[in-house]
Amino acid sequence: MASVSVLYVAPGLLFLALLVLVGATEADGGGGGEEEEDDDDHSHDVLHEVPGGEEMHHKPETGERWMDVTLAAHLLSFGSVSEVTMDFKASVQLSMEWWDPRLANLTTQPWVPVDPEVEIWVPHVDFKNTKALKMTTGEEETTTWVSRDGLVNRVQRFDLTAACAMNLQSFPLDRQLCKIKLDGYEDARLRWGFPSLWAQTSAPVITDATALHSQFKMTGLSVKAYANSFLPNIAGKGCVYYKNTCDYLDADTCLTDQQRCEDAVGSPDCDRCIYYSGSCSNSTKMCSLIAETSNKNVFTSAEIQLHLSRRLAYHLLQMYIPSTSIVIMSWVSFWIDAGAVPARVCLGVTTVLTMTAQSSRAAGMAEVSYVRALDVWIVVCQLFVFSALIEYAVVNFVFRFGAVFSRRRPSTANGKESCGKSDDVAAVKILEPRPKPEGTTGKETAQTIDNCCRVAFPSTFVIFNAAYWSLYQLL
């Protein structure tokens with residue numbers, strides 16, 4: 001009976017094992033099919049080739065001379081401004097968009113990325129005033145997108161060092177205007193605007209306000225596009241046909257929120273600072289030079305203008321406050337007794353030497369052929385401390401002698417001048433102190449001079465400060 005049960009159970013177990021094995025095989029096959037299908041779908045998300053071959057390396061024929069190229073930029077960082085080399089460093093993400101009819105209808109999707117190995121025509125846009133330029137976009141990173149209508153959007157990141165001609169007459173109370181210049185060749189008409197994939201609509205150039213680490217404060221940013229020419233003295237050259245100006249007065253509030261933004265990415269306040277645009281206004285204008293289609297010497301240029309105001313805190317702590325303290329310290333000698341020669345001489349000499357050492361802090365600045373505001377401050381402060389030392393020399397003389405030297409030429413009996421053995425040398429004689437009214441002794445005169453200097457020196461320094469700060473703040 002047991003053997004009969006085994007004969008019935010064994011085929012059943014074998015049948016169940018076969019069913020499990022077949023189900024697992026179908027599951028694997030189905031999964032592989034889905035993965036293969038996903039791979040096929042993914043392969044359609046990237047444009048691996050374009051029609052036209054070598055023709056795609058040339059500018060498309062649109063029937064018009066100018067190829068409109070829309071520009072937008074994101075200033076990712078700004079800093080390291082050098083007055084010695086007259087340049088600055090920045091990181092910029094530049095977006096360009098143009099229309100190429102040869103790329104239309106290559107996809108049914110609104111936008112499709114282009115494989116980095118695919119070569120298509122790109123407008124010839126160069127950075128003009130850069131001393132060093134490095135593209136930081138990864139080699140495998142997708143930078144170009146194409147729409148079903150033939151619009152091409154290209155986004156690249158650059159680290160650059162750009163020249164900036166600075167006027168340092170008001171240094172360190174100066175304001176500078178530094179520029180990032182772009183030139184468009186091969187009949188590319190550059191204009192600032194909003195590319196289709198540009199998420200921001202407030203301004204064509206936005207700034208990461210949390211990354212403005214510099215000795216300068218950015219008070220504003222403006223962009224412009226204008227007509228240019230290879231030839232000099234051309235009528236209409238420099239005509240600005242688009243300009244956008246943004247006010248950055250409250251951008252400094254984003255610097256204090258930097259650490260908080262790193263911990264709270266995506267919050268509205270942090271996004272406002274990372275994609276900061278300020279308060280903007282724009283204007284447009286028609287340029288006759290752009291309307292000329294026969295002049296091949298004409299091209300277009302675009303600029304990003306950074307309006308900078310130097311932060312004064314560092315120079316206040318390192319130069320203005322210490323030098324002011326030294327000048328005030330030199331006035332202490334006016335309250336020390338005129339007879340305390342070692343004390344007043346030591347104080348006067350110490351302040352002069354200290355002010356001389358303090359002025360050496362400006363030695364590392366750029367050597368220019370004109371006088372800067374800092375030079376004026378240093379010279380005046382040195383003049384004040386040196387005058388305080390000279391003042392005590394006068395006071396000490398009056399205190400000790402109570403009289404002054406005078407030059408006297410005695411006459412002979414016949415009325416001719418005589419001075420011992422030589423008639424050409426005048427004799428110098430210390431006059432006998434004349435009797436003076438009570439209260440006008442040398443000590444009292446010295447004290448009167450000190451009393452006057454106690455008022456005159458501070459008053460003059462205050463007047464100088466009022467004139468200095470008013471003049472250079474207005475320049």
# chains A, B, ... in the order shown; residues from 1 in each chain; ligands from 1
>>> closest_atom_pairs(of="segment 139-207 of chain A", to="segment 81-84 of chain A", cutoff="9 Å", atoms="only C-alpha atoms", output="JSON lines")
{"residue": "A:Cys164", "atom": "CA", "partner": "A:Val81", "partner_atom": "CA", "distance": 8.9}
{"residue": "A:Ala165", "atom": "CA", "partner": "A:Glu83", "partner_atom": "CA", "distance": 9.0}
{"residue": "A:Met166", "atom": "CA", "partner": "A:Glu83", "partner_atom": "CA", "distance": 7.3}
{"residue": "A:Leu168", "atom": "CA", "partner": "A:Glu83", "partner_atom": "CA", "distance": 8.4}
>>> select_by_dssp(residues="segment 235-365 of chain A", states="helix (DSSP H, G or I)", output="PyMOL selection string")
chain A and resi 253-256+258-263+268-274+288-291+313-335+341-364
>>> closest_residue(among="A:Ala373, A:Val146, A:Leu383, A:Leu151", to="Met355 of chain A", atoms="only C-alpha atoms")
A:Leu383
>>> residues_around(residues="His48 of chain A", least_positions_apart="6", cutoff="12 Å", atoms="only C-alpha atoms", output="list in words")
His42, Leu106, Thr107, Val112, Pro113, Val114, Asp115, Pro116, Glu117, Val118, Glu119, Ile120, Thr142, Thr144, Trp145 and Val146 of chain A
>>> closest_residue(among="A:Cys280, A:Val379, A:Ala313, A:Ile234", to="Cys246 of chain A", atoms="only C-alpha atoms")
A:Cys280
>>> closest_residue(among="A:Ile290, A:Ala203, A:Leu94, A:Leu173", to="Asn228 of chain A", atoms="only C-alpha atoms")
A:Ile290
>>> decode(residues="segment 146-175 of chain A", atoms="N, CA, C and O atoms", output="short mmCIF file (atom, residue, chain, number, x, y, z; two decimals), in the first residue's frame")
data_model
loop_
_atom_site.label_atom_id
_atom_site.label_comp_id
_atom_site.auth_asym_id
_atom_site.auth_seq_id
_atom_site.Cartn_x
_atom_site.Cartn_y
_atom_site.Cartn_z
N VAL A 146 17.50 70.61 -28.69
CA VAL A 146 16.83 70.98 -29.93
C VAL A 146 15.33 70.78 -29.75
O VAL A 146 14.90 69.75 -29.21
N SER A 147 14.55 71.74 -30.22
CA SER A 147 13.09 71.62 -30.15
C SER A 147 12.55 71.08 -31.47
O SER A 147 13.26 71.02 -32.48
N ARG A 148 11.29 70.70 -31.48
CA ARG A 148 10.67 70.17 -32.69
C ARG A 148 10.55 71.25 -33.78
O ARG A 148 10.42 70.94 -34.95
N ASP A 149 10.61 72.54 -33.36
CA ASP A 149 10.52 73.64 -34.32
C ASP A 149 11.88 74.07 -34.87
O ASP A 149 11.93 74.98 -35.70
N GLY A 150 12.97 73.46 -34.38
CA GLY A 150 14.29 73.82 -34.87
C GLY A 150 15.04 74.81 -34.01
O GLY A 150 16.12 75.26 -34.39
N LEU A 151 14.49 75.18 -32.85
CA LEU A 151 15.21 76.05 -31.93
C LEU A 151 16.33 75.25 -31.26
O LEU A 151 16.12 74.10 -30.85
N VAL A 152 17.48 75.87 -31.13
CA VAL A 152 18.63 75.23 -30.51
C VAL A 152 19.00 76.02 -29.27
O VAL A 152 19.17 77.25 -29.33
N ASN A 153 19.12 75.33 -28.15
CA ASN A 153 19.49 75.97 -26.89
C ASN A 153 20.79 75.34 -26.39
O ASN A 153 20.88 74.12 -26.26
N ARG A 154 21.79 76.19 -26.13
CA ARG A 154 23.11 75.71 -25.70
C ARG A 154 23.48 76.40 -24.40
O ARG A 154 23.44 77.63 -24.30
N VAL A 155 23.86 75.62 -23.40
CA VAL A 155 24.21 76.13 -22.08
C VAL A 155 25.60 75.64 -21.72
O VAL A 155 25.88 74.43 -21.77
N GLN A 156 26.49 76.58 -21.34
CA GLN A 156 27.87 76.25 -20.97
C GLN A 156 28.28 77.07 -19.76
O GLN A 156 27.80 78.20 -19.56
N ARG A 157 29.20 76.52 -18.98
CA ARG A 157 29.76 77.21 -17.82
C ARG A 157 31.22 77.57 -18.09
O ARG A 157 31.98 76.77 -18.65
N PHE A 158 31.60 78.79 -17.63
CA PHE A 158 32.95 79.28 -17.86
C PHE A 158 33.51 79.86 -16.57
O PHE A 158 32.80 80.53 -15.82
N ASP A 159 34.80 79.60 -16.34
CA ASP A 159 35.58 80.32 -15.34
C ASP A 159 36.49 81.28 -16.09
O ASP A 159 37.26 80.86 -16.97
N LEU A 160 36.41 82.56 -15.76
CA LEU A 160 37.15 83.54 -16.54
C LEU A 160 37.84 84.56 -15.65
O LEU A 160 37.43 84.81 -14.52
N THR A 161 38.91 85.12 -16.20
CA THR A 161 39.59 86.27 -15.62
C THR A 161 39.52 87.38 -16.65
O THR A 161 40.07 87.26 -17.75
N ALA A 162 38.81 88.45 -16.32
CA ALA A 162 38.55 89.52 -17.29
C ALA A 162 39.25 90.80 -16.86
O ALA A 162 39.37 91.09 -15.65
N ALA A 163 39.71 91.56 -17.84
CA ALA A 163 40.37 92.83 -17.58
C ALA A 163 39.33 93.87 -17.15
O ALA A 163 38.19 93.87 -17.62
N CYS A 164 39.75 94.75 -16.25
CA CYS A 164 38.87 95.81 -15.77
C CYS A 164 39.73 97.05 -15.52
O CYS A 164 40.50 97.08 -14.56
N ALA A 165 39.60 98.04 -16.38
CA ALA A 165 40.36 99.29 -16.22
C ALA A 165 39.75 100.10 -15.07
O ALA A 165 38.59 100.51 -15.13
N MET A 166 40.54 100.30 -14.02
CA MET A 166 40.04 100.96 -12.82
C MET A 166 40.64 102.36 -12.67
O MET A 166 41.81 102.57 -12.98
N ASN A 167 39.83 103.27 -12.18
CA ASN A 167 40.29 104.61 -11.80
C ASN A 167 40.37 104.65 -10.28
O ASN A 167 39.35 104.57 -9.60
N LEU A 168 41.59 104.78 -9.75
CA LEU A 168 41.82 104.67 -8.32
C LEU A 168 42.01 106.03 -7.65
O LEU A 168 42.58 106.09 -6.55
N GLN A 169 41.56 107.11 -8.26
CA GLN A 169 41.73 108.42 -7.64
C GLN A 169 40.98 108.52 -6.32
O GLN A 169 41.42 109.23 -5.41
N SER A 170 39.86 107.84 -6.20
CA SER A 170 39.06 107.89 -4.97
C SER A 170 39.30 106.70 -4.07
O SER A 170 38.56 106.50 -3.10
N PHE A 171 40.29 105.88 -4.36
CA PHE A 171 40.56 104.69 -3.54
C PHE A 171 40.88 105.10 -2.11
O PHE A 171 41.64 106.03 -1.86
N PRO A 172 40.27 104.42 -1.10
CA PRO A 172 39.37 103.26 -1.15
C PRO A 172 37.89 103.62 -1.09
O PRO A 172 37.08 102.82 -0.65
N LEU A 173 37.55 104.82 -1.50
CA LEU A 173 36.15 105.24 -1.53
C LEU A 173 35.64 105.23 -2.97
O LEU A 173 34.74 105.98 -3.32
N ASP A 174 36.22 104.37 -3.78
CA ASP A 174 35.95 104.38 -5.21
C ASP A 174 34.80 103.48 -5.61
O ASP A 174 34.40 102.58 -4.87
N ARG A 175 34.31 103.75 -6.79
CA ARG A 175 33.32 102.91 -7.46
C ARG A 175 33.88 102.53 -8.82
O ARG A 175 34.48 103.37 -9.50
#
